[in-house]
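Undergrad: target37.tsv (TSV, N, CA and C atoms) pasted underneath:
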chain	number	residue	atom	x	y	z
A	1	MET	N	-117.90	95.76	-123.98
A	1	MET	CA	-116.47	95.87	-123.79
A	1	MET	C	-115.82	94.59	-124.27
A	2	THR	N	-114.77	94.73	-125.06
A	2	THR	CA	-114.05	93.56	-125.55
A	2	THR	C	-113.14	93.03	-124.46
A	3	PRO	N	-112.67	91.80	-124.58
A	3	PRO	CA	-111.77	91.26	-123.55
A	3	PRO	C	-110.49	92.08	-123.39
A	4	GLN	N	-110.06	92.76	-124.46
A	4	GLN	CA	-108.83	93.55	-124.36
A	4	GLN	C	-109.05	94.88	-123.64
A	5	GLN	N	-110.28	95.38	-123.66
A	5	GLN	CA	-110.55	96.67	-123.02
A	5	GLN	C	-110.77	96.46	-121.53
A	6	GLN	N	-110.23	97.35	-120.75
A	6	GLN	CA	-110.36	97.27	-119.30
A	6	GLN	C	-110.62	98.66	-118.76
A	7	THR	N	-111.40	98.73	-117.69
A	7	THR	CA	-111.62	100.01	-117.04
A	7	THR	C	-110.96	99.98	-115.67
A	8	ARG	N	-111.04	101.08	-115.00
A	8	ARG	CA	-110.51	101.20	-113.65
A	8	ARG	C	-111.03	100.08	-112.79
A	9	PRO	N	-110.30	99.46	-111.88
A	9	PRO	CA	-108.96	99.89	-111.47
A	9	PRO	C	-107.84	99.28	-112.30
A	10	HIS	N	-108.08	98.19	-113.03
A	10	HIS	CA	-106.97	97.53	-113.72
A	10	HIS	C	-106.32	98.43	-114.76
A	11	ALA	N	-107.10	99.10	-115.59
A	11	ALA	CA	-106.55	99.95	-116.64
A	11	ALA	C	-105.83	101.16	-116.06
A	12	ALA	N	-106.18	101.55	-114.84
A	12	ALA	CA	-105.57	102.73	-114.23
A	12	ALA	C	-104.23	102.43	-113.58
A	13	ALA	N	-103.93	101.17	-113.33
A	13	ALA	CA	-102.74	100.83	-112.55
A	13	ALA	C	-101.48	101.44	-113.13
A	14	LYS	N	-101.21	101.23	-114.39
A	14	LYS	CA	-99.98	101.76	-114.98
A	14	LYS	C	-99.99	103.28	-115.07
A	15	PRO	N	-101.03	103.90	-115.65
A	15	PRO	CA	-100.97	105.36	-115.74
A	15	PRO	C	-100.93	106.07	-114.39
A	16	VAL	N	-101.60	105.52	-113.39
A	16	VAL	CA	-101.54	106.13	-112.06
A	16	VAL	C	-100.11	106.06	-111.52
A	17	ARG	N	-99.45	104.94	-111.75
A	17	ARG	CA	-98.05	104.81	-111.32
A	17	ARG	C	-97.15	105.75	-112.11
A	18	TRP	N	-97.36	105.84	-113.43
A	18	TRP	CA	-96.56	106.75	-114.25
A	18	TRP	C	-96.74	108.19	-113.79
A	19	ALA	N	-97.98	108.56	-113.46
A	19	ALA	CA	-98.25	109.92	-112.98
A	19	ALA	C	-97.54	110.18	-111.66
A	20	ALA	N	-97.63	109.23	-110.73
A	20	ALA	CA	-96.96	109.39	-109.43
A	20	ALA	C	-95.45	109.50	-109.61
A	21	ASP	N	-94.90	108.71	-110.52
A	21	ASP	CA	-93.46	108.80	-110.80
A	21	ASP	C	-93.10	110.18	-111.35
A	22	ALA	N	-93.96	110.71	-112.23
A	22	ALA	CA	-93.70	112.04	-112.80
A	22	ALA	C	-93.74	113.11	-111.72
A	23	VAL	N	-94.70	113.00	-110.80
A	23	VAL	CA	-94.80	113.96	-109.70
A	23	VAL	C	-93.52	113.92	-108.87
A	24	ALA	N	-93.05	112.72	-108.55
A	24	ALA	CA	-91.82	112.58	-107.76
A	24	ALA	C	-90.61	113.11	-108.53
A	25	MET	N	-90.54	112.80	-109.82
A	25	MET	CA	-89.42	113.25	-110.64
A	25	MET	C	-89.39	114.78	-110.71
A	26	MET	N	-90.55	115.39	-110.88
A	26	MET	CA	-90.60	116.86	-110.95
A	26	MET	C	-90.23	117.49	-109.62
A	27	ARG	N	-90.69	116.88	-108.53
A	27	ARG	CA	-90.39	117.42	-107.20
A	27	ARG	C	-88.90	117.32	-106.91
A	28	GLU	N	-88.32	116.16	-107.20
A	28	GLU	CA	-86.91	115.93	-106.84
A	28	GLU	C	-85.94	116.52	-107.85
A	29	GLY	N	-86.25	116.37	-109.15
A	29	GLY	CA	-85.31	116.79	-110.18
A	29	GLY	C	-85.44	118.25	-110.57
A	30	ALA	N	-86.66	118.70	-110.78
A	30	ALA	CA	-86.88	120.05	-111.27
A	30	ALA	C	-87.37	121.00	-110.18
A	31	ARG	N	-87.59	120.47	-108.99
A	31	ARG	CA	-88.11	121.26	-107.87
A	31	ARG	C	-89.44	121.94	-108.22
A	32	VAL	N	-90.27	121.20	-108.94
A	32	VAL	CA	-91.60	121.66	-109.33
A	32	VAL	C	-92.61	120.81	-108.59
A	33	ARG	N	-93.52	121.44	-107.89
A	33	ARG	CA	-94.56	120.71	-107.16
A	33	ARG	C	-95.81	120.60	-108.02
A	34	LEU	N	-96.26	119.38	-108.20
A	34	LEU	CA	-97.48	119.12	-108.94
A	34	LEU	C	-98.52	118.58	-107.96
A	35	ASP	N	-99.72	119.17	-108.00
A	35	ASP	CA	-100.73	118.85	-106.99
A	35	ASP	C	-102.02	118.28	-107.57
A	36	TYR	N	-101.97	117.80	-108.81
A	36	TYR	CA	-103.13	117.21	-109.48
A	36	TYR	C	-104.26	118.23	-109.70
A	37	SER	N	-103.90	119.50	-109.78
A	37	SER	CA	-104.90	120.53	-110.09
A	37	SER	C	-104.79	120.89	-111.57
A	38	ALA	N	-105.89	121.40	-112.11
A	38	ALA	CA	-105.88	121.84	-113.51
A	38	ALA	C	-104.85	122.96	-113.70
A	39	GLN	N	-104.69	123.82	-112.69
A	39	GLN	CA	-103.72	124.92	-112.78
A	39	GLN	C	-102.29	124.41	-112.91
A	40	SER	N	-101.99	123.25	-112.33
A	40	SER	CA	-100.63	122.72	-112.39
A	40	SER	C	-100.23	122.34	-113.81
A	41	LEU	N	-101.21	122.16	-114.69
A	41	LEU	CA	-100.89	121.80	-116.07
A	41	LEU	C	-100.25	122.95	-116.83
A	42	TRP	N	-100.41	124.19	-116.35
A	42	TRP	CA	-99.66	125.32	-116.92
A	42	TRP	C	-98.16	125.04	-116.77
A	43	ARG	N	-97.77	124.63	-115.56
A	43	ARG	CA	-96.35	124.35	-115.31
A	43	ARG	C	-95.86	123.19	-116.16
A	44	VAL	N	-96.69	122.18	-116.31
A	44	VAL	CA	-96.31	121.01	-117.11
A	44	VAL	C	-96.10	121.41	-118.57
A	45	ASP	N	-97.04	122.18	-119.12
A	45	ASP	CA	-96.88	122.66	-120.50
A	45	ASP	C	-95.59	123.46	-120.66
A	46	ARG	N	-95.32	124.35	-119.72
A	46	ARG	CA	-94.08	125.17	-119.79
A	46	ARG	C	-92.84	124.29	-119.70
A	47	LEU	N	-92.87	123.31	-118.83
A	47	LEU	CA	-91.73	122.42	-118.66
A	47	LEU	C	-91.45	121.65	-119.96
A	48	ILE	N	-92.50	121.10	-120.56
A	48	ILE	CA	-92.31	120.37	-121.82
A	48	ILE	C	-91.76	121.30	-122.89
A	49	GLU	N	-92.26	122.52	-122.94
A	49	GLU	CA	-91.76	123.50	-123.92
A	49	GLU	C	-90.28	123.80	-123.68
A	50	GLU	N	-89.88	123.96	-122.43
A	50	GLU	CA	-88.47	124.22	-122.13
A	50	GLU	C	-87.59	123.07	-122.59
A	51	VAL	N	-88.01	121.85	-122.33
A	51	VAL	CA	-87.24	120.67	-122.74
A	51	VAL	C	-87.16	120.61	-124.27
A	52	ARG	N	-88.26	120.92	-124.93
A	52	ARG	CA	-88.29	120.91	-126.40
A	52	ARG	C	-87.32	121.94	-126.97
A	53	VAL	N	-87.36	123.16	-126.41
A	53	VAL	CA	-86.50	124.24	-126.90
A	53	VAL	C	-85.03	123.91	-126.68
A	54	GLU	N	-84.73	123.21	-125.58
A	54	GLU	CA	-83.35	122.81	-125.30
A	54	GLU	C	-82.85	121.77	-126.30
A	55	GLY	N	-83.78	121.15	-127.03
A	55	GLY	CA	-83.38	120.20	-128.06
A	55	GLY	C	-83.10	118.80	-127.58
A	56	ALA	N	-83.65	118.43	-126.44
A	56	ALA	CA	-83.45	117.07	-125.94
A	56	ALA	C	-84.01	116.07	-126.95
A	57	PRO	N	-83.27	115.01	-127.26
A	57	PRO	CA	-83.79	114.00	-128.19
A	57	PRO	C	-85.03	113.31	-127.62
A	58	TYR	N	-85.96	112.98	-128.51
A	58	TYR	CA	-87.21	112.36	-128.07
A	58	TYR	C	-86.97	111.11	-127.23
A	59	ASP	N	-86.03	110.27	-127.65
A	59	ASP	CA	-85.76	109.04	-126.90
A	59	ASP	C	-85.34	109.32	-125.46
A	60	ALA	N	-84.70	110.47	-125.24
A	60	ALA	CA	-84.25	110.82	-123.89
A	60	ALA	C	-85.40	111.30	-123.00
A	61	VAL	N	-86.50	111.74	-123.60
A	61	VAL	CA	-87.60	112.28	-122.81
A	61	VAL	C	-88.89	111.47	-122.94
A	62	ARG	N	-88.85	110.36	-123.65
A	62	ARG	CA	-90.04	109.54	-123.89
A	62	ARG	C	-90.76	109.17	-122.59
A	63	GLU	N	-90.01	108.66	-121.60
A	63	GLU	CA	-90.63	108.25	-120.33
A	63	GLU	C	-91.19	109.43	-119.56
A	64	MET	N	-90.48	110.56	-119.61
A	64	MET	CA	-90.96	111.75	-118.93
A	64	MET	C	-92.29	112.20	-119.55
A	65	LEU	N	-92.37	112.19	-120.88
A	65	LEU	CA	-93.60	112.60	-121.56
A	65	LEU	C	-94.75	111.65	-121.23
A	66	ARG	N	-94.46	110.36	-121.18
A	66	ARG	CA	-95.50	109.40	-120.80
A	66	ARG	C	-96.01	109.70	-119.40
A	67	GLY	N	-95.10	109.97	-118.48
A	67	GLY	CA	-95.48	110.27	-117.10
A	67	GLY	C	-96.28	111.57	-116.98
A	68	LEU	N	-95.86	112.59	-117.71
A	68	LEU	CA	-96.58	113.86	-117.65
A	68	LEU	C	-97.94	113.76	-118.33
A	69	GLY	N	-98.03	112.97	-119.38
A	69	GLY	CA	-99.32	112.73	-120.00
A	69	GLY	C	-100.25	111.97	-119.07
A	70	ALA	N	-99.71	110.97	-118.38
A	70	ALA	CA	-100.51	110.22	-117.41
A	70	ALA	C	-100.93	111.14	-116.26
A	71	TYR	N	-100.04	112.03	-115.85
A	71	TYR	CA	-100.39	113.00	-114.81
A	71	TYR	C	-101.58	113.85	-115.27
A	72	ALA	N	-101.54	114.34	-116.50
A	72	ALA	CA	-102.66	115.13	-117.03
A	72	ALA	C	-103.94	114.29	-117.05
A	73	GLY	N	-103.82	113.02	-117.40
A	73	GLY	CA	-104.98	112.14	-117.38
A	73	GLY	C	-105.56	111.99	-115.99
A	74	GLU	N	-104.69	111.90	-115.00
A	74	GLU	CA	-105.17	111.81	-113.61
A	74	GLU	C	-105.83	113.12	-113.17
A	75	VAL	N	-105.31	114.24	-113.63
A	75	VAL	CA	-105.96	115.52	-113.34
A	75	VAL	C	-107.38	115.50	-113.91
A	76	ILE	N	-107.51	115.06	-115.15
A	76	ILE	CA	-108.83	114.99	-115.79
A	76	ILE	C	-109.74	114.03	-115.02
A	77	ALA	N	-109.21	112.88	-114.64
A	77	ALA	CA	-110.01	111.89	-113.91
A	77	ALA	C	-110.51	112.48	-112.59
A	78	ARG	N	-109.65	113.18	-111.89
A	78	ARG	CA	-110.03	113.74	-110.59
A	78	ARG	C	-110.98	114.92	-110.73
A	79	GLN	N	-110.85	115.68	-111.82
A	79	GLN	CA	-111.71	116.84	-112.03
A	79	GLN	C	-113.10	116.46	-112.54
A	80	SER	N	-113.17	115.36	-113.32
A	80	SER	CA	-114.42	115.08	-114.02
A	80	SER	C	-115.05	113.73	-113.69
A	81	GLY	N	-114.34	112.90	-112.92
A	81	GLY	CA	-114.86	111.56	-112.67
A	81	GLY	C	-114.59	110.61	-113.82
A	82	ALA	N	-113.66	110.97	-114.70
A	82	ALA	CA	-113.30	110.12	-115.84
A	82	ALA	C	-112.61	108.85	-115.36
A	83	GLU	N	-112.51	107.88	-116.26
A	83	GLU	CA	-111.85	106.62	-115.95
A	83	GLU	C	-110.80	106.31	-117.02
A	84	TRP	N	-109.75	105.64	-116.59
A	84	TRP	CA	-108.75	105.16	-117.53
A	84	TRP	C	-109.30	103.95	-118.25
A	85	TRP	N	-109.01	103.87	-119.53
A	85	TRP	CA	-109.33	102.70	-120.34
A	85	TRP	C	-108.04	102.25	-121.01
A	86	ALA	N	-107.94	100.96	-121.28
A	86	ALA	CA	-106.75	100.44	-121.94
A	86	ALA	C	-107.16	99.41	-122.97
A	87	SER	N	-106.41	99.38	-124.05
A	87	SER	CA	-106.62	98.38	-125.09
A	87	SER	C	-105.36	98.31	-125.93
A	88	GLY	N	-104.86	97.11	-126.13
A	88	GLY	CA	-103.69	96.93	-126.98
A	88	GLY	C	-102.47	97.69	-126.52
A	89	GLY	N	-102.33	97.91	-125.23
A	89	GLY	CA	-101.17	98.63	-124.70
A	89	GLY	C	-101.33	100.14	-124.65
A	90	ASP	N	-102.39	100.67	-125.24
A	90	ASP	CA	-102.65	102.11	-125.19
A	90	ASP	C	-103.56	102.42	-124.02
A	91	HIS	N	-103.39	103.62	-123.47
A	91	HIS	CA	-104.22	104.07	-122.35
A	91	HIS	C	-104.82	105.41	-122.70
A	92	TRP	N	-106.08	105.57	-122.39
A	92	TRP	CA	-106.74	106.85	-122.59
A	92	TRP	C	-107.77	107.06	-121.51
A	93	ILE	N	-108.31	108.26	-121.47
A	93	ILE	CA	-109.29	108.66	-120.46
A	93	ILE	C	-110.67	108.70	-121.12
A	94	ARG	N	-111.65	108.15	-120.43
A	94	ARG	CA	-113.05	108.25	-120.90
A	94	ARG	C	-113.80	109.10	-119.88
A	95	THR	N	-114.27	110.26	-120.33
A	95	THR	CA	-115.03	111.15	-119.45
A	95	THR	C	-116.46	110.64	-119.31
A	96	PRO	N	-117.16	111.07	-118.27
A	96	PRO	CA	-118.52	110.57	-118.03
A	96	PRO	C	-119.48	110.74	-119.21
A	97	ASP	N	-119.20	111.70	-120.09
A	97	ASP	CA	-120.08	111.90	-121.25
A	97	ASP	C	-119.74	110.94	-122.40
A	98	GLY	N	-118.77	110.05	-122.19
A	98	GLY	CA	-118.43	109.04	-123.18
A	98	GLY	C	-117.31	109.41	-124.13
A	99	ARG	N	-116.82	110.65	-124.03
A	99	ARG	CA	-115.72	111.05	-124.92
A	99	ARG	C	-114.41	110.41	-124.47
A	100	LEU	N	-113.55	110.10	-125.45
A	100	LEU	CA	-112.24	109.52	-125.17
A	100	LEU	C	-111.16	110.57	-125.41
A	101	TRP	N	-110.17	110.59	-124.53
A	101	TRP	CA	-109.07	111.55	-124.58
A	101	TRP	C	-107.76	110.78	-124.43
A	102	ASP	N	-106.72	111.26	-125.12
A	102	ASP	CA	-105.42	110.59	-125.05
A	102	ASP	C	-104.37	111.57	-124.53
A	103	PRO	N	-104.29	111.73	-123.21
A	103	PRO	CA	-103.35	112.71	-122.65
A	103	PRO	C	-101.89	112.32	-122.86
A	104	ILE	N	-101.60	111.04	-122.97
A	104	ILE	CA	-100.21	110.63	-123.19
A	104	ILE	C	-99.76	111.06	-124.58
A	105	ASP	N	-100.61	110.87	-125.57
A	105	ASP	CA	-100.29	111.34	-126.92
A	105	ASP	C	-100.24	112.87	-126.95
A	106	GLU	N	-101.09	113.52	-126.18
A	106	GLU	CA	-101.08	114.99	-126.14
A	106	GLU	C	-99.75	115.50	-125.58
A	107	ALA	N	-99.17	114.80	-124.61
A	107	ALA	CA	-97.86	115.20	-124.09
A	107	ALA	C	-96.81	115.08	-125.20
A	108	ARG	N	-96.90	114.04	-126.00
A	108	ARG	CA	-95.98	113.89	-127.14
A	108	ARG	C	-96.18	115.03	-128.14
A	109	ARG	N	-97.44	115.40	-128.37
A	109	ARG	CA	-97.73	116.51	-129.27
A	109	ARG	C	-97.17	117.81	-128.71
A	110	CYS	N	-97.26	118.00	-127.40
A	110	CYS	CA	-96.68	119.19	-126.77
A	110	CYS	C	-95.19	119.27	-127.07
A	111	TYR	N	-94.53	118.13	-126.93
A	111	TYR	CA	-93.09	118.09	-127.19
A	111	TYR	C	-92.80	118.42	-128.65
A	112	GLY	N	-93.72	118.07	-129.52
A	112	GLY	CA	-93.56	118.40	-130.93
A	112	GLY	C	-93.92	119.84	-131.25
A	113	GLY	N	-94.38	120.58	-130.25
A	113	GLY	CA	-94.72	121.99	-130.44
A	113	GLY	C	-96.17	122.23	-130.86
A	114	ASP	N	-97.00	121.18	-130.78
A	114	ASP	CA	-98.38	121.30	-131.24
A	114	ASP	C	-99.33	120.60	-130.28
A	115	GLY	N	-99.46	121.11	-129.08
A	115	GLY	CA	-100.36	120.49	-128.12
A	115	GLY	C	-100.34	121.26	-126.82
A	116	SER	N	-101.27	120.94	-125.95
A	116	SER	CA	-101.34	121.58	-124.63
A	116	SER	C	-102.13	120.68	-123.69
A	117	LEU	N	-101.48	120.24	-122.64
A	117	LEU	CA	-102.17	119.43	-121.64
A	117	LEU	C	-103.19	120.27	-120.87
A	118	ARG	N	-102.89	121.53	-120.67
A	118	ARG	CA	-103.81	122.44	-120.00
A	118	ARG	C	-105.10	122.58	-120.79
A	119	LEU	N	-104.98	122.78	-122.09
A	119	LEU	CA	-106.17	122.93	-122.93
A	119	LEU	C	-106.93	121.62	-123.08
A	120	LEU	N	-106.22	120.51	-123.13
A	120	LEU	CA	-106.87	119.21	-123.19
A	120	LEU	C	-107.73	119.02	-121.95
A	121	CYS	N	-107.17	119.34	-120.79
A	121	CYS	CA	-107.93	119.21	-119.54
A	121	CYS	C	-109.13	120.14	-119.56
A	122	ARG	N	-108.94	121.37	-119.98
A	122	ARG	CA	-110.05	122.32	-120.03
A	122	ARG	C	-111.19	121.77	-120.89
A	123	ASP	N	-110.84	121.24	-122.06
A	123	ASP	CA	-111.86	120.72	-122.96
A	123	ASP	C	-112.52	119.45	-122.40
A	124	ALA	N	-111.74	118.62	-121.75
A	124	ALA	CA	-112.26	117.33	-121.26
A	124	ALA	C	-113.21	117.50	-120.07
A	125	VAL	N	-112.98	118.51	-119.25
A	125	VAL	CA	-113.81	118.65	-118.04
A	125	VAL	C	-114.99	119.58	-118.24
A	126	ARG	N	-115.18	120.09	-119.43
A	126	ARG	CA	-116.34	120.97	-119.72
A	126	ARG	C	-117.63	120.23	-119.57
Step by step, read the file and then write its structure as structure tokens.

TA:
Amino acid sequence: MTPQQQTRPHAAAKPVRWAADAVAMMREGARVRLDYSAQSLWRVDRLIEEVRVEGAPYDAVREMLRGLGAYAGEVIARQSGAEWWASGGDHWIRTPDGRLWDPIDEARRCYGGDGSLRLLCRDAVR
């Protein structure tokens, strides 16, 4: 591991906070309950699609996408025992089999119409 790379708990601090903020935002703003289950990612994918179809500018939803991507990463971590890794300001999930996943980027891809947090989780926890 290089000095820039960090594993849990240090690397998890920011994404875990972003995920918790997204859960609170969804509960309070959209009245959507997220419970860190793989099934909840269906709702997250639908929500991102609704925001995309409404035409919200990317800059207006950047933080929301980061939070929802971090939420998906936490779902993967809880389902598979994965750990957050960080390097150069980027955060990704490393599953026990050594594969790396980028749920935050996948949330951005969802917003672009080409991604799915639900499918990412399904593939990561196999």

Undergrad: What does the distance between atom C of A:Ala11 and atom N of A:Ser87 come to in Å, to one decimal place?

TA: 8.2 Å

Undergrad: Quick one: what's the axis-aligned box for stretch 101-110 of chain A, all listed atoms, 5 Å on every side, centre and edges in Å to one decimal, as AutoDock Vina command-line options?

TA:
--center_x -102.7 --center_y 114.9 --center_z -126.0 --size_x 25.0 --size_y 18.7 --size_z 16.6

Undergrad: Nearest residue to A:Arg43 out of A:Arg109, A:Trp101, A:Arg118, A:Arg66, using only N, CA and C atoms?

TA: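 Answer, going by the shortest atom-to-atom distance: A:Arg118.
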
Undergrad: Restricting the calculation to only C-alpha atoms: of A:Val32, A:Ala86, A:Leu100, A:Val23, which residue gets closest to A:Leu68?

TA: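 Among the listed residues, A:Val23 lies closest to A:Leu68.
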
Undergrad: What's the separation between atom C of A:Ala82 and atom CA of A:Pro96, in Å to one decimal place?

TA: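 A separation of 6.7 Å between them.
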
Undergrad: Could you pull out the residues in chain A that DSSP calls alpha helix (DSSP H) from the backbone, as a ChimeraX atom specification?

TA: /A:13-25,40-54,58-80,103-111,117-124

Undergrad: For A:Val44, which of A:Ala13, A:Val61, A:Tyr71, A:Arg99 is the closest residue, counting only C-alpha atoms?

TA: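 That would be A:Tyr71, the residue with the smallest distance to A:Val44.
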
Undergrad: Tell me, as a ChimeraX atom specification, which residues lie within 8 Å of A:Thr95, counting only N, CA and C atoms; anything in the same chain fewer than 6 positions away does not count.

TA: /A:76-77,80-84,101,124-125

Undergrad: Need the neighbours of (-103.1, 123.0, -118.5): which residues are at most 5 Å away, counting only N, CA and C atoms, as a ChimeraX atom specification?

TA: /A:41-42,117-119

Undergrad: Any idea what the distance is between atom CA of A:Glu106 and atom CA of A:Arg33?

TA: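 Those two atoms sit 20.9 Å apart.
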
Undergrad: Using only N, CA and C atoms, find the one residue out of A:Gln79, A:Leu65, A:Tyr58, A:Gly88 that sits nearest to A:Pro103.

TA: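 Selected residue with least distance to A:Pro103: A:Leu65.
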
Undergrad: Which one of A:Ile104, A:His10, A:Gly112, A:Leu120 sits closest to A:Gly69 if you count all atoms listed in the file?

TA: A:Ile104

Undergrad: A:Ser40, A:Leu34, A:Val16, A:Arg52: which is nearest A:Asp114, counting only C-alpha atoms?

TA: A:Arg52

Undergrad: For N, CA, C and O atoms, please extract stretch 24-37 of chain A from the block and return it as a PDB file, in the first residue's frame.

TA:
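Listing of part16.pdb after writing:
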ATOM      1  N   ALA A  24     -30.369  10.740   5.137  1.00  0.00           N
ATOM      2  CA  ALA A  24     -31.151  11.794   5.804  1.00  0.00           C
ATOM      3  C   ALA A  24     -31.847  12.689   4.781  1.00  0.00           C
ATOM      4  O   ALA A  24     -33.027  13.036   4.939  1.00  0.00           O
ATOM      5  N   MET A  25     -31.139  13.052   3.720  1.00  0.00           N
ATOM      6  CA  MET A  25     -31.711  13.907   2.687  1.00  0.00           C
ATOM      7  C   MET A  25     -32.899  13.219   2.022  1.00  0.00           C
ATOM      8  O   MET A  25     -33.939  13.839   1.794  1.00  0.00           O
ATOM      9  N   MET A  26     -32.771  11.939   1.730  1.00  0.00           N
ATOM     10  CA  MET A  26     -33.871  11.207   1.088  1.00  0.00           C
ATOM     11  C   MET A  26     -35.058  11.080   2.026  1.00  0.00           C
ATOM     12  O   MET A  26     -36.202  11.219   1.604  1.00  0.00           O
ATOM     13  N   ARG A  27     -34.785  10.837   3.304  1.00  0.00           N
ATOM     14  CA  ARG A  27     -35.870  10.692   4.274  1.00  0.00           C
ATOM     15  C   ARG A  27     -36.612  12.012   4.449  1.00  0.00           C
ATOM     16  O   ARG A  27     -37.842  12.055   4.430  1.00  0.00           O
ATOM     17  N   GLU A  28     -35.866  13.098   4.587  1.00  0.00           N
ATOM     18  CA  GLU A  28     -36.492  14.395   4.872  1.00  0.00           C
ATOM     19  C   GLU A  28     -37.029  15.084   3.629  1.00  0.00           C
ATOM     20  O   GLU A  28     -38.114  15.654   3.662  1.00  0.00           O
ATOM     21  N   GLY A  29     -36.258  15.037   2.530  1.00  0.00           N
ATOM     22  CA  GLY A  29     -36.646  15.776   1.336  1.00  0.00           C
ATOM     23  C   GLY A  29     -37.578  15.019   0.414  1.00  0.00           C
ATOM     24  O   GLY A  29     -38.571  15.556  -0.057  1.00  0.00           O
ATOM     25  N   ALA A  30     -37.270  13.767   0.161  1.00  0.00           N
ATOM     26  CA  ALA A  30     -38.043  12.989  -0.801  1.00  0.00           C
ATOM     27  C   ALA A  30     -38.979  11.986  -0.135  1.00  0.00           C
ATOM     28  O   ALA A  30     -39.719  11.285  -0.814  1.00  0.00           O
ATOM     29  N   ARG A  31     -38.919  11.906   1.184  1.00  0.00           N
ATOM     30  CA  ARG A  31     -39.724  10.955   1.945  1.00  0.00           C
ATOM     31  C   ARG A  31     -39.488   9.510   1.480  1.00  0.00           C
ATOM     32  O   ARG A  31     -40.419   8.717   1.365  1.00  0.00           O
ATOM     33  N   VAL A  32     -38.231   9.218   1.182  1.00  0.00           N
ATOM     34  CA  VAL A  32     -37.810   7.879   0.770  1.00  0.00           C
ATOM     35  C   VAL A  32     -36.936   7.314   1.871  1.00  0.00           C
ATOM     36  O   VAL A  32     -35.977   7.949   2.295  1.00  0.00           O
ATOM     37  N   ARG A  33     -37.277   6.136   2.345  1.00  0.00           N
ATOM     38  CA  ARG A  33     -36.488   5.490   3.394  1.00  0.00           C
ATOM     39  C   ARG A  33     -35.471   4.551   2.768  1.00  0.00           C
ATOM     40  O   ARG A  33     -35.829   3.685   1.989  1.00  0.00           O
ATOM     41  N   LEU A  34     -34.227   4.759   3.128  1.00  0.00           N
ATOM     42  CA  LEU A  34     -33.148   3.896   2.668  1.00  0.00           C
ATOM     43  C   LEU A  34     -32.610   3.133   3.864  1.00  0.00           C
ATOM     44  O   LEU A  34     -32.320   3.731   4.892  1.00  0.00           O
ATOM     45  N   ASP A  35     -32.493   1.807   3.711  1.00  0.00           N
ATOM     46  CA  ASP A  35     -32.143   0.962   4.857  1.00  0.00           C
ATOM     47  C   ASP A  35     -30.851   0.167   4.661  1.00  0.00           C
ATOM     48  O   ASP A  35     -30.612  -0.810   5.348  1.00  0.00           O
ATOM     49  N   TYR A  36     -30.019   0.584   3.715  1.00  0.00           N
ATOM     50  CA  TYR A  36     -28.742  -0.077   3.438  1.00  0.00           C
ATOM     51  C   TYR A  36     -28.918  -1.516   2.943  1.00  0.00           C
ATOM     52  O   TYR A  36     -28.029  -2.331   3.096  1.00  0.00           O
ATOM     53  N   SER A  37     -30.060  -1.799   2.338  1.00  0.00           N
ATOM     54  CA  SER A  37     -30.273  -3.116   1.740  1.00  0.00           C
ATOM     55  C   SER A  37     -30.034  -3.021   0.231  1.00  0.00           C
ATOM     56  O   SER A  37     -30.160  -1.950  -0.364  1.00  0.00           O
TER      57      SER A  37
END
